[in-house]
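Here is the file data-v2.txt (compact mmCIF, C-alpha atoms).
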# COMPACT_ATOMS: atom_id res chain seq x y z
CA MET A 216 28.42 127.28 58.59
CA SER A 217 25.47 129.53 57.71
CA ALA A 218 21.95 128.24 57.48
CA THR A 219 21.97 128.72 53.70
CA SER A 220 25.25 126.92 53.06
CA ARG A 221 25.15 123.39 51.68
CA ALA A 222 27.30 120.51 52.82
CA GLU A 223 29.50 119.04 50.14
CA PRO A 224 28.41 115.56 49.04
CA ALA A 225 30.44 112.75 50.53
CA PRO A 226 32.99 111.39 48.06
CA GLU A 227 32.11 108.04 46.53
CA ARG A 228 33.80 105.23 48.39
CA VAL A 229 36.01 103.29 46.01
CA GLN A 230 37.27 99.85 46.92
CA THR A 231 41.03 99.87 46.46
CA THR A 232 44.08 98.11 47.75
CA PRO A 233 46.71 100.70 48.68
CA PRO A 234 50.15 99.98 47.23
CA ALA A 235 51.64 99.61 50.69
CA ALA A 236 48.77 97.50 52.06
CA SER A 237 49.61 94.57 54.28
CA SER A 238 49.45 91.15 52.67
CA VAL A 239 48.02 89.57 55.83
CA PHE A 240 44.45 88.45 55.22
CA LYS A 241 42.65 88.25 58.55
CA PHE A 242 39.32 86.46 59.02
CA LEU A 243 37.16 85.68 62.03
CA VAL A 244 35.99 82.08 61.71
CA SER A 245 32.85 80.69 63.34
CA SER A 246 30.01 78.26 62.72
CA ASP A 247 26.77 76.92 64.19
CA ASN A 248 25.64 80.15 65.81
CA HIS A 249 22.03 78.87 65.99
CA LEU A 250 20.45 82.30 66.30
CA GLY A 251 16.99 82.00 67.80
CA PHE A 252 17.71 78.90 69.89
CA GLN A 253 15.41 78.86 72.95
CA GLU A 254 14.29 82.39 72.03
CA ARG A 255 10.97 81.94 73.86
CA ASP A 256 12.71 81.08 77.12
CA SER A 257 12.63 84.16 79.36
CA ARG A 258 16.15 83.48 80.64
CA ARG A 259 17.90 81.74 77.74
CA GLY A 260 16.27 83.60 74.87
CA ASP A 261 19.11 86.14 74.58
CA ASP A 262 21.98 83.64 74.70
CA SER A 263 22.52 83.03 70.98
CA PHE A 264 22.29 86.74 70.12
CA THR A 265 24.58 87.84 72.96
CA THR A 266 27.33 85.43 71.95
CA PHE A 267 27.05 86.26 68.26
CA GLU A 268 27.30 89.96 69.09
CA GLU A 269 30.49 89.17 71.01
CA CYS A 270 31.86 87.63 67.79
CA LEU A 271 30.86 90.71 65.79
CA ARG A 272 32.47 93.08 68.29
CA ALA A 273 35.64 91.01 68.35
CA ALA A 274 35.82 91.02 64.56
CA LEU A 275 35.22 94.73 64.07
CA ILE A 276 36.88 96.29 67.11
CA GLU A 277 39.26 93.92 68.87
CA HIS A 278 40.86 92.15 65.88
CA GLN A 279 39.84 94.46 63.01
CA VAL A 280 39.51 91.56 60.60
CA ASP A 281 39.02 91.85 56.86
CA ALA A 282 35.95 89.60 56.86
CA ILE A 283 33.99 86.97 58.80
CA LEU A 284 33.60 83.38 57.56
CA LEU A 285 30.55 81.46 58.86
CA ALA A 286 30.27 77.73 58.11
CA GLY A 287 26.53 77.14 58.38
CA ASP A 288 23.63 76.83 60.84
CA PHE A 289 23.54 80.57 61.32
CA PHE A 290 19.87 80.27 62.27
CA HIS A 291 18.50 77.50 64.47
CA ASP A 292 15.40 77.11 62.28
CA ASN A 293 14.97 77.37 58.54
CA LYS A 294 11.82 79.40 59.23
CA PRO A 295 13.01 81.74 62.00
CA SER A 296 10.46 83.90 63.78
CA LEU A 297 9.94 87.52 62.78
CA GLY A 298 11.47 88.54 66.09
CA CYS A 299 14.58 86.48 65.38
CA LEU A 300 14.92 87.96 61.88
CA ALA A 301 14.43 91.50 63.16
CA ARG A 302 16.95 91.10 65.96
CA THR A 303 19.50 89.45 63.67
CA SER A 304 19.11 92.19 61.07
CA SER A 305 19.56 94.85 63.73
CA LEU A 306 22.79 93.25 64.96
CA LEU A 307 24.18 92.92 61.45
CA ARG A 308 23.20 96.46 60.54
CA THR A 309 25.04 97.77 63.61
CA TYR A 310 28.33 95.98 62.93
CA VAL A 311 28.37 95.28 59.19
CA LEU A 312 27.49 98.72 57.82
CA GLY A 313 29.92 101.60 58.22
CA ASN A 314 32.67 103.66 56.62
CA LYS A 315 35.64 101.46 57.48
CA PRO A 316 37.56 100.93 54.22
CA ILE A 317 37.73 97.50 52.59
CA ASN A 318 41.43 96.71 52.18
CA PHE A 319 41.13 93.81 49.77
CA THR A 320 40.02 93.40 46.17
CA PHE A 321 37.24 91.22 44.76
CA LEU A 322 38.46 89.52 41.57
CA SER A 323 35.84 86.97 40.52
CA ASP A 324 32.50 87.07 38.71
CA GLY A 325 29.73 88.03 41.12
CA LYS A 326 27.10 86.45 38.87
CA LYS A 327 28.72 83.06 39.42
CA ASN A 328 29.45 83.57 43.14
CA PHE A 329 26.25 85.28 44.27
CA PRO A 330 23.47 84.42 41.80
CA THR A 331 20.74 84.95 44.41
CA HIS A 332 21.88 88.47 45.38
CA PRO A 333 19.76 91.32 43.93
CA LEU A 334 22.79 92.76 42.10
CA SER A 335 24.81 89.51 41.84
CA LEU A 336 27.63 91.27 43.69
CA PRO A 337 29.19 91.03 47.14
CA ASN A 338 27.62 93.60 49.43
CA PHE A 339 30.84 95.63 49.72
CA LYS A 340 30.66 96.27 45.95
CA ASP A 341 27.07 97.50 46.11
CA PRO A 342 27.16 101.25 45.30
CA ASN A 343 24.06 101.86 47.43
CA ILE A 344 25.47 100.81 50.82
CA ASN A 345 28.70 101.17 52.80
CA VAL A 346 29.99 97.93 54.26
CA ALA A 347 32.65 97.94 56.97
CA LEU A 348 32.65 94.23 57.86
CA PRO A 349 31.92 91.73 55.05
CA ILE A 350 30.47 88.38 56.10
CA PHE A 351 30.68 85.33 53.85
CA MET A 352 28.42 82.46 54.85
CA ILE A 353 26.94 79.18 53.70
CA HIS A 354 23.77 77.50 54.92
CA GLY A 355 23.67 74.47 57.18
CA ASN A 356 21.10 71.75 57.77
CA HIS A 357 19.14 73.99 60.17
CA ASP A 358 18.78 76.97 57.81
CA ASP A 359 18.81 75.09 54.51
CA PRO A 360 16.83 76.41 51.53
CA VAL A 361 13.20 75.30 51.64
CA GLY A 362 11.64 75.55 48.20
CA GLY A 363 14.89 77.06 46.96
CA THR A 364 15.02 79.90 49.51
CA SER A 365 16.93 80.06 52.79
CA PRO A 366 16.30 82.62 55.54
CA ILE A 367 19.85 83.77 54.79
CA ASP A 368 18.55 84.97 51.43
CA ILE A 369 16.58 87.64 53.30
CA LEU A 370 19.76 88.95 54.91
CA ALA A 371 21.62 88.84 51.60
CA THR A 372 18.80 90.71 49.85
CA ALA A 373 19.09 93.43 52.50
CA GLY A 374 22.82 93.71 51.78
CA LEU A 375 23.86 92.48 55.23
CA VAL A 376 25.70 89.25 54.33
CA ASN A 377 27.24 87.48 51.34
CA TYR A 378 25.45 84.15 50.94
CA PHE A 379 27.08 81.63 48.64
CA GLY A 380 27.52 77.88 48.28
CA HIS A 381 23.87 77.14 47.44
CA THR A 382 23.60 74.05 45.22
CA PRO A 383 20.35 74.25 43.22
CA SER A 384 20.86 70.85 41.57
CA LEU A 385 22.81 67.71 42.40
CA ASP A 386 22.95 66.51 38.80
CA ASP A 387 26.25 68.26 38.19
CA ILE A 388 27.69 70.44 40.96
CA VAL A 389 30.16 73.15 39.97
CA VAL A 390 31.61 75.14 42.88
CA GLU A 391 32.98 78.53 41.81
CA PRO A 392 35.43 80.28 44.17
CA VAL A 393 35.14 83.81 45.49
CA LEU A 394 38.50 85.29 44.52
CA LEU A 395 40.03 87.84 46.88
CA LYS A 396 43.36 89.66 46.85
CA LYS A 397 45.13 91.61 49.56
CA GLY A 398 48.64 92.80 48.81
CA ASP A 399 50.52 89.74 47.61
CA THR A 400 48.06 87.24 49.13
CA TYR A 401 45.49 85.59 46.88
CA VAL A 402 42.60 83.69 48.50
CA ALA A 403 40.11 81.44 46.70
CA LEU A 404 37.10 81.03 48.99
CA TYR A 405 34.79 78.11 48.24
CA GLY A 406 31.41 77.50 49.83
CA PHE A 407 29.40 74.28 49.90
CA GLY A 408 26.16 74.50 51.86
CA ASN A 409 24.64 71.43 53.48
CA VAL A 410 23.04 68.70 51.41
CA ARG A 411 21.90 65.30 52.60
CA ASP A 412 24.92 63.12 53.32
CA ASP A 413 23.66 60.15 51.29
CA ARG A 414 23.13 62.38 48.26
CA LEU A 415 26.59 63.87 48.61
CA HIS A 416 28.04 60.36 48.82
CA ARG A 417 26.41 59.63 45.48
CA CYS A 418 27.87 62.83 44.00
CA PHE A 419 31.36 61.82 45.10
CA ARG A 420 30.89 58.29 43.82
CA MET A 421 29.60 59.44 40.42
CA LYS A 422 32.16 62.28 40.23
CA LYS A 423 29.49 64.96 39.91
CA LEU A 424 31.20 67.44 42.24
CA HIS A 425 33.67 69.81 40.58
CA PHE A 426 35.66 72.61 42.18
CA VAL A 427 36.72 75.29 39.68
CA HIS A 428 40.33 76.32 40.22
CA PRO A 429 41.37 79.93 39.57
CA LYS A 430 43.76 80.87 36.81
CA PRO A 431 47.39 80.95 37.97
CA VAL A 432 48.92 84.29 38.88
CA GLU A 433 52.54 84.67 37.85
CA GLY A 434 54.82 84.44 40.86
CA ARG A 435 51.92 83.84 43.24
CA SER A 436 49.85 80.90 44.50
CA TRP A 437 46.21 80.78 45.52
CA PHE A 438 45.35 79.81 49.08
CA LYS A 439 42.14 77.77 48.84
CA ILE A 440 39.61 77.73 51.69
CA LEU A 441 36.43 75.63 51.73
CA LEU A 442 33.46 76.37 54.00
CA PHE A 443 31.78 72.99 54.48
CA HIS A 444 28.78 71.85 56.53
CA GLN A 445 28.20 68.10 56.82
CA ASN A 446 28.32 65.34 59.41
CA ARG A 447 32.02 64.67 59.93
CA GLY A 448 32.89 61.01 59.76
CA VAL A 449 30.49 58.26 58.82
CA ARG A 450 27.96 57.36 61.50
CA GLY A 451 25.74 54.35 61.89
CA GLY A 452 28.18 51.48 61.35
CA ASN A 453 29.63 49.82 58.29
CA GLY A 454 28.00 50.79 55.03
CA SER A 455 26.36 53.89 56.47
CA LYS A 456 26.37 57.07 54.42
CA ASN A 457 25.32 59.39 57.25
CA GLY A 458 28.47 61.45 57.15
CA ILE A 459 31.45 62.50 55.07
CA TYR A 460 35.00 61.29 55.52
CA GLU A 461 37.70 63.95 55.46
CA THR A 462 39.62 61.90 52.89
CA MET A 463 36.71 62.22 50.45
CA LEU A 464 37.86 65.83 49.96
CA SER A 465 41.46 64.90 49.19
CA ASP A 466 41.06 65.41 45.42
CA CYS A 467 39.38 68.81 45.73
CA GLY A 468 42.64 70.77 45.88
CA MET A 469 41.91 72.67 49.10
CA ASP A 470 44.49 74.03 51.52
CA LEU A 471 42.09 74.50 54.44
CA VAL A 472 38.59 73.16 55.15
CA ILE A 473 36.49 74.98 57.75
CA TRP A 474 34.09 72.25 58.84
CA GLY A 475 30.73 73.27 60.25
CA ASN A 476 27.87 71.21 61.72
CA GLU A 477 29.95 69.52 64.44
CA HIS A 478 29.47 71.38 67.73
CA GLU A 479 32.69 70.20 69.38
CA GLN A 480 35.37 72.87 69.14
CA GLN A 481 38.60 71.65 67.48
CA MET A 482 40.41 74.83 66.52
CA ASN A 483 43.82 73.21 66.05
CA PRO A 484 44.25 72.24 62.37
CA VAL A 485 44.36 68.51 61.59
CA SER A 486 46.12 67.28 58.43
CA PHE A 487 44.44 64.97 55.91
CA GLN A 488 46.19 64.02 52.67
CA GLY A 489 47.46 67.43 51.61
CA PHE A 490 44.97 69.73 53.32
CA LYS A 491 44.04 70.73 56.85
CA VAL A 492 40.71 70.77 58.68
CA VAL A 493 39.58 73.24 61.34
CA GLN A 494 36.35 72.65 63.26
CA PRO A 495 35.20 75.88 64.96
CA GLY A 496 32.34 74.19 66.83
CA SER A 497 29.17 75.93 67.93
CA THR A 498 28.99 79.24 69.78
CA ILE A 499 26.04 78.13 71.91
CA LEU A 500 25.12 75.00 73.83
CA THR A 501 22.16 73.22 72.20
CA SER A 502 22.52 69.99 74.19
CA LEU A 503 24.46 68.65 77.17
CA SER A 504 26.43 66.01 75.30
CA ASP A 505 30.13 65.57 76.03
CA ASN A 506 31.18 67.08 72.70
CA GLU A 507 29.07 70.21 73.20
CA CYS A 508 30.39 71.04 76.64
CA ASN A 509 33.99 71.77 75.73
CA PRO A 510 35.00 75.46 75.74
CA LYS A 511 33.36 77.66 73.08
CA GLN A 512 35.67 79.76 70.92
CA TYR A 513 35.91 81.82 67.77
CA GLY A 514 38.99 81.60 65.58
CA ILE A 515 41.16 84.28 64.01
CA LEU A 516 42.57 83.00 60.72
CA GLU A 517 45.58 84.83 59.26
CA VAL A 518 46.74 84.03 55.73
CA VAL A 519 49.96 85.26 54.12
CA GLY A 520 50.74 83.82 50.71
CA THR A 521 50.14 80.10 51.14
CA SER A 522 50.87 80.05 54.87
CA PHE A 523 48.27 80.41 57.58
CA ARG A 524 47.73 80.24 61.29
CA ILE A 525 44.54 80.11 63.30
CA THR A 526 44.22 81.17 66.92
CA GLY A 527 41.29 80.31 69.15
CA PHE A 528 39.85 82.90 71.53
CA PRO A 529 37.45 81.83 74.29
CA LEU A 530 33.98 83.34 74.20
CA LYS A 531 33.25 85.24 77.40
CA SER A 532 29.46 85.40 77.17
CA ILE A 533 28.83 81.67 77.52
CA ARG A 534 26.34 80.63 80.17
CA PRO A 535 27.94 78.54 82.95
CA VAL A 536 27.49 74.79 82.54
CA VAL A 537 28.03 72.25 85.31
CA ARG A 538 27.58 68.50 84.93
CA ARG A 539 28.03 65.70 87.44
CA THR A 540 27.49 61.95 87.37
CA VAL A 541 26.71 60.03 90.55
CA GLU A 542 26.51 56.28 91.18
CA LEU A 543 24.60 55.91 94.44
CA TRP A 544 25.77 52.36 95.10
CA ARG A 545 29.35 53.66 95.17
CA GLU A 546 29.00 57.13 96.69
CA ASN A 547 26.04 56.79 99.04
CA PRO A 548 25.53 53.06 99.65
CA GLY A 549 23.92 53.49 103.07
CA GLY A 550 21.19 55.93 101.99
CA ARG A 551 18.36 53.54 101.20
CA THR A 552 15.39 55.79 101.97
CA LEU A 553 13.94 58.43 99.66
CA ASP A 554 14.79 61.18 102.16
CA ALA A 555 18.39 59.98 102.41
CA VAL A 556 18.75 59.91 98.64
CA GLU A 557 17.30 63.41 98.24
CA ASP A 558 19.52 64.80 101.01
CA PHE A 559 22.60 63.36 99.32
CA LEU A 560 21.60 64.72 95.91
CA ARG A 561 20.91 68.16 97.38
CA HIS A 562 24.44 68.26 98.77
CA VAL A 563 25.79 67.38 95.33
CA VAL A 564 23.70 70.14 93.73
CA GLU A 565 25.00 72.67 96.27
CA ASP A 566 28.56 71.79 95.25
CA MET A 567 27.57 72.24 91.60
CA ILE A 568 26.09 75.66 92.37
CA GLU A 569 29.37 76.74 93.95
CA GLU A 570 31.21 75.64 90.81
CA ALA A 571 28.75 77.62 88.67
CA GLU A 572 29.25 80.73 90.81
CA GLU A 573 32.98 80.47 90.23
CA GLN A 574 32.33 80.42 86.47
CA VAL A 575 30.04 83.45 86.76
CA SER A 576 32.82 85.37 88.50
CA ARG A 577 34.88 85.09 85.30
CA ILE A 578 32.21 86.69 83.09
CA PRO A 579 33.07 90.36 82.38
CA ASP A 580 30.93 92.92 84.22
CA ASP A 581 29.80 94.63 81.01
CA ILE A 582 28.29 91.36 79.76
CA LEU A 583 26.58 90.71 83.09
CA LYS A 584 25.20 94.25 83.04
CA PHE A 585 23.51 93.89 79.65
CA HIS A 586 22.66 90.19 79.99
CA PRO A 587 22.02 89.61 83.72
CA ASN A 588 20.19 86.33 83.13
CA ILE A 589 23.45 84.72 82.00
CA LYS A 590 24.39 84.21 85.66
CA PHE A 591 21.83 81.39 85.94
CA PRO A 592 23.69 78.18 85.04
CA ILE A 593 22.68 75.13 83.05
CA MET A 594 23.15 72.13 85.32
CA ARG A 595 22.75 68.40 84.82
CA LEU A 596 23.05 65.81 87.59
CA SER A 597 23.05 62.32 86.09
CA VAL A 598 22.26 59.68 88.72
CA ASP A 599 22.49 55.91 88.56
CA PHE A 600 19.85 54.58 90.96
CA THR A 601 20.65 50.92 90.26
CA ASP A 602 22.60 48.58 92.51
CA PRO A 603 24.31 45.58 90.88
CA GLU A 604 24.12 43.58 94.12
CA SER A 605 20.82 44.67 95.68
CA ALA A 606 17.51 46.43 95.10
CA ASN A 607 17.58 49.76 93.33
CA PHE A 608 17.65 53.03 95.27
CA PRO A 609 14.39 54.99 95.59
CA GLN A 610 14.09 57.61 92.87
CA PRO A 611 12.84 61.16 93.55
CA ASN A 612 10.30 62.81 91.28
CA VAL A 613 12.43 64.61 88.69
CA ASN A 614 10.19 67.67 88.30
CA ARG A 615 9.56 68.09 92.01
CA PHE A 616 13.27 67.85 92.78
CA GLY A 617 14.12 70.43 90.12
CA GLN A 618 11.49 72.89 91.35
CA GLN A 619 13.61 73.50 94.45
CA TYR A 620 16.13 75.26 92.19
CA MET A 621 13.83 77.30 89.93
CA GLU A 622 15.46 80.53 91.12
CA VAL A 623 18.98 79.16 90.70
CA VAL A 624 19.22 77.29 87.37
CA VAL A 625 17.66 77.85 83.96
CA ASN A 626 16.70 74.22 83.40
CA PRO A 627 15.13 72.96 86.67
CA SER A 628 13.04 70.31 84.90
CA GLU A 629 16.22 68.84 83.37
CA LEU A 630 18.45 69.17 86.43
CA LEU A 631 18.05 65.57 87.60
CA ARG A 632 18.50 62.86 84.99
CA PRO A 633 18.27 59.16 85.87
CA VAL A 634 20.72 57.05 83.89
CA LYS A 635 21.15 53.32 83.57
CA PRO A 636 24.43 51.45 83.33
CA LYS A 637 25.37 50.29 79.89
CA GLN A 638 26.54 46.69 79.64
CA THR A 639 30.10 46.32 78.35
CA ALA A 640 32.10 43.15 78.01
CA ARG A 641 35.05 42.42 80.26
CA VAL A 642 37.40 39.49 79.73
CA VAL A 643 38.19 37.55 82.90
CA THR A 644 40.74 34.76 83.16
CA VAL A 645 39.35 31.51 84.55
CA GLY A 646 41.09 30.30 87.72
CA ALA A 647 43.37 27.32 88.07
CA ASN A 648 40.47 25.00 88.92
CA GLY A 649 38.69 25.96 85.72
CA ALA A 650 39.18 24.63 82.28
CA GLY A 651 41.53 27.43 81.33
CA GLY A 652 41.03 30.22 78.82
CA SER A 653 38.98 33.38 79.26
CA ALA A 654 35.35 34.24 79.85
CA VAL A 655 33.50 37.37 78.80
CA VAL A 656 31.51 38.90 81.64
CA PRO A 657 29.12 41.83 81.14
CA VAL A 658 30.09 44.78 83.33
CA PRO A 659 27.84 47.80 83.87
CA ARG A 660 29.16 51.13 82.63
CA LEU A 661 27.33 54.41 82.95
CA ASN A 662 25.83 55.81 79.78
CA THR A 663 25.77 59.58 80.31
CA SER A 664 25.50 60.69 76.69
CA ASP A 665 22.70 63.14 76.02
Could you write out this structure as structure tokens?
Amino acid sequence: MSATSRAEPAPERVQTTPPAASSVFKFLVSSDNHLGFQERDSRRGDDSFTTFEECLRAALIEHQVDAILLAGDFFHDNKPSLGCLARTSSLLRTYVLGNKPINFTFLSDGKKNFPTHPLSLPNFKDPNINVALPIFMIHGNHDDPVGGTSPIDILATAGLVNYFGHTPSLDDIVVEPVLLKKGDTYVALYGFGNVRDDRLHRCFRMKKLHFVHPKPVEGRSWFKILLFHQNRGVRGGNGSKNGIYETMLSDCGMDLVIWGNEHEQQMNPVSFQGFKVVQPGSTILTSLSDNECNPKQYGILEVVGTSFRITGFPLKSIRPVVRRTVELWRENPGGRTLDAVEDFLRHVVEDMIEEAEEQVSRIPDDILKFHPNIKFPIMRLSVDFTDPESANFPQPNVNRFGQQYMEVVVNPSELLRPVKPKQTARVVTVGANGAGGSAVVPVPRLNTSD
């Protein structure tokens, strides 16, 4: 082409559904990404971003999904640092923007779905940008709107995500669905961002929560999905309102609830009175509790008509985690000196390091190349120093013991954790010489919850 010739303008990209388009709606499902968690830690600061980028790559390249659904707690803080915002925006810009065609149709009123967007439209309908990978997300309790604005609003204003499910008032909540169509499949996508559990209880009790149902389509049925972010199950004993029962949603008319906030991964759907619940869990470890330490996954949700299936895929960029619990009176009863106790614990830690190295060997080389610090594991050795029949074992200094492994683990100051047995009742039958009946005897049981 000569220097004076002019390139023809690129044709305007029109969102259409080809007549022969597949009717399989495919979504990547995730929640609780907690971007920015431990970002100031020199070794762990990249973890949340690395794993979220793995989700983005899987969505765009490996599975070629139609959209991503995120069920809250995208950011770890509702006032993320400038560095966190910049890095998040860069990731989204890389994977969200592009010329890949959108193979589904948006049918609802953007002013009702996205009132906080600059154009009150989903980003893939914005004539000023090209979107290859739409993301629909709600806020959680970590990135909830403060003063009416969430950090997610910044991303939505930049055209990088579609933020919906914000409830400005609890006086009368009306949840409008985002209506999507692909081939013969019609999806109504509802979003309900986090509100305080006790307030939501009151809304349910006073019937102030209303889900708007789409108009029927002749010969077709709507598949209704709800993105939800609350404590699952009531906590705190009888009468507590610190959580939401699944059955409280039974009158909402949903087919599938994607439940955020809970970090335990439960990707297999569970049925509750006419609808199913999927709990994606978190993509990053924010504590060492039992529920957090199960395998991290993202889900691929496929919807055809009113049928669906969801498949979990393990995340490969997860930092190795090794936990052990030791009762010295059982496993090292003869080691009564401080040196003997420390020697025994060091042997246990060495075994844990070997287990961590085995986990590292399963991390793909390309991830290790770009995130070499991921090879340093998170380890927790919980130790019961008590003895039910004698004096307690000598206890090493926690910080000094952990300093021996500063070059091996990312959390040396948390490596050693003293625990105390929790008293539980055990029923014992009284012998023949007794008065008969049963007696309740307290029995120690280790409390290893974080």
Taking (24.3, 74.4, 56.5) in the file's coordinates as the center, which residues reach within 6 Å of it, counting all atoms listed in the file, put as a ChimeraX atom specification? /A:287-288,354-356,359,408-409,444
Write to file, as a compact mmCIF listing (two decimals), in the frame of the given file, the residues of the selection just made, with C-alpha atoms.
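Once everything was written out, this is part.txt:
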# COMPACT_ATOMS: atom_id res chain seq x y z
CA GLY A 287 26.53 77.14 58.38
CA ASP A 288 23.63 76.83 60.84
CA HIS A 354 23.77 77.50 54.92
CA GLY A 355 23.67 74.47 57.18
CA ASN A 356 21.10 71.75 57.77
CA ASP A 359 18.81 75.09 54.51
CA GLY A 408 26.16 74.50 51.86
CA ASN A 409 24.64 71.43 53.48
CA HIS A 444 28.78 71.85 56.53
Given the point (35.1, 81.2, 85.6) in the file's coordinates, find the residues that have an atom at most 12 Å from it, counting all atoms listed in the file, and give them as a ChimeraX atom specification. /A:510,529-537,569-579,590,592
Output C-alpha atoms of each residue in that selection to a file, as a compact mmCIF listing (two decimals), in the coordinates of the input.
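For reference, result-v1.txt as written:
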# COMPACT_ATOMS: atom_id res chain seq x y z
CA PRO A 510 35.00 75.46 75.74
CA PRO A 529 37.45 81.83 74.29
CA LEU A 530 33.98 83.34 74.20
CA LYS A 531 33.25 85.24 77.40
CA SER A 532 29.46 85.40 77.17
CA ILE A 533 28.83 81.67 77.52
CA ARG A 534 26.34 80.63 80.17
CA PRO A 535 27.94 78.54 82.95
CA VAL A 536 27.49 74.79 82.54
CA VAL A 537 28.03 72.25 85.31
CA GLU A 569 29.37 76.74 93.95
CA GLU A 570 31.21 75.64 90.81
CA ALA A 571 28.75 77.62 88.67
CA GLU A 572 29.25 80.73 90.81
CA GLU A 573 32.98 80.47 90.23
CA GLN A 574 32.33 80.42 86.47
CA VAL A 575 30.04 83.45 86.76
CA SER A 576 32.82 85.37 88.50
CA ARG A 577 34.88 85.09 85.30
CA ILE A 578 32.21 86.69 83.09
CA PRO A 579 33.07 90.36 82.38
CA LYS A 590 24.39 84.21 85.66
CA PRO A 592 23.69 78.18 85.04
From the set A:Asn614, A:Asn476, A:Asn293, A:Ser365, which residue has the shortest atom-to-atom contact distance to Ile459 of chain A, counting only C-alpha atoms? A:Asn476
Name the residues in contact with segment 540-543 of chain A at a cut-off of 12 Å, using all atoms listed in the file, excluding same-chain residues fewer than 2 positions from it; report them as number ranges by chain. A: 537-538, 545-552, 555-557, 559-560, 562-564, 567, 594-603, 605-610, 630-636, 659-664
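A straight line drawn from atom CA of Pro330 of chain A to atom CA of Lys315 of chain A is 26.2 Å long.
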At a cut-off of 12 Å, using all atoms listed in the file, what residues contact segment 250-259 of chain A? Leave out same-chain residues fewer than 6 positions from it and give the result as number ranges by chain. A: 265-268, 287-304, 306, 357-358, 366-367, 497-502, 533-535, 586-593, 621-626
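Take the candidates A:Pro484, A:Ala274, A:Ser504, A:Glu565 and check each one against Gln619 of chain A using all atoms listed in the file; the shortest distance goes to A:Glu565.
Distance-wise, atom CA of Leu395 of chain A and atom CA of Phe419 of chain A end up 27.5 Å apart.
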What's around Ile388 of chain A at 8 Å? Count only C-alpha atoms, leave out sequence neighbours fewer than 2 positions away in its own chain, and write the answer as a PyMOL selection string. chain A and resi 382+384-386+390+423-425
Only C-alpha atoms, please: the residues just picked out, written as a PDB file, in the frame of the given file.
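Dumped everything to again_14.pdb:
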ATOM      1  CA  THR A 382      23.600  74.050  45.220  1.00  0.00           C
ATOM      2  CA  SER A 384      20.860  70.850  41.570  1.00  0.00           C
ATOM      3  CA  LEU A 385      22.810  67.710  42.400  1.00  0.00           C
ATOM      4  CA  ASP A 386      22.950  66.510  38.800  1.00  0.00           C
ATOM      5  CA  VAL A 390      31.610  75.140  42.880  1.00  0.00           C
ATOM      6  CA  LYS A 423      29.490  64.960  39.910  1.00  0.00           C
ATOM      7  CA  LEU A 424      31.200  67.440  42.240  1.00  0.00           C
ATOM      8  CA  HIS A 425      33.670  69.810  40.580  1.00  0.00           C
TER       9      HIS A 425
END
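In this comparison, which uses all atoms listed in the file, the residue of A:Phe528, A:Tyr310, A:Tyr620, A:Phe351 approaching Leu271 of chain A most closely is A:Tyr310.
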Please report the interatomic distance between atom CA of Tyr513 of chain A and atom CA of His428 of chain A in Å with one decimal. 28.4 Å
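Remark: for Leu322 of chain A, the closest of the candidate residues A:Lys456, A:Arg435, A:Lys511, A:Lys397 is A:Lys397 (distances computed over all atoms listed in the file).
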Between A:Gly458, A:Pro611, A:Gly617, A:Gly468, which has the minimum distance to Ala403 of chain A (counting all atoms listed in the file)? A:Gly468
Residues within 10 Å of Gln488 of chain A, only C-alpha atoms, excluding chain neighbours under 2 positions, as an mmCIF file with C-alpha atoms, in the coordinates of the input:
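Full text of around.cif as output:
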data_model
loop_
_atom_site.group_PDB
_atom_site.id
_atom_site.type_symbol
_atom_site.label_atom_id
_atom_site.label_comp_id
_atom_site.auth_asym_id
_atom_site.auth_seq_id
_atom_site.Cartn_x
_atom_site.Cartn_y
_atom_site.Cartn_z
ATOM 1 C CA GLU A 461 37.700 63.950 55.460
ATOM 2 C CA THR A 462 39.620 61.900 52.890
ATOM 3 C CA MET A 463 36.710 62.220 50.450
ATOM 4 C CA LEU A 464 37.860 65.830 49.960
ATOM 5 C CA SER A 465 41.460 64.900 49.190
ATOM 6 C CA ASP A 466 41.060 65.410 45.420
ATOM 7 C CA SER A 486 46.120 67.280 58.430
ATOM 8 C CA PHE A 490 44.970 69.730 53.320
ATOM 9 C CA LYS A 491 44.040 70.730 56.850
#
Please report, as lines of an AutoDock Vina configuration file, the centre and edge lengths in Å to one decimal of an axis-aligned box covering all listed atoms of segment 566-575 of chain A with 3 Å per side.
center_x = 29.5
center_y = 77.6
center_z = 90.9
size_x = 12.9
size_y = 17.7
size_z = 14.8
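Across A:Gln445, A:Asn328, A:Thr521, A:Asn338, the tightest approach to Pro392 of chain A is made by A:Asn328 when counting all atoms listed in the file.
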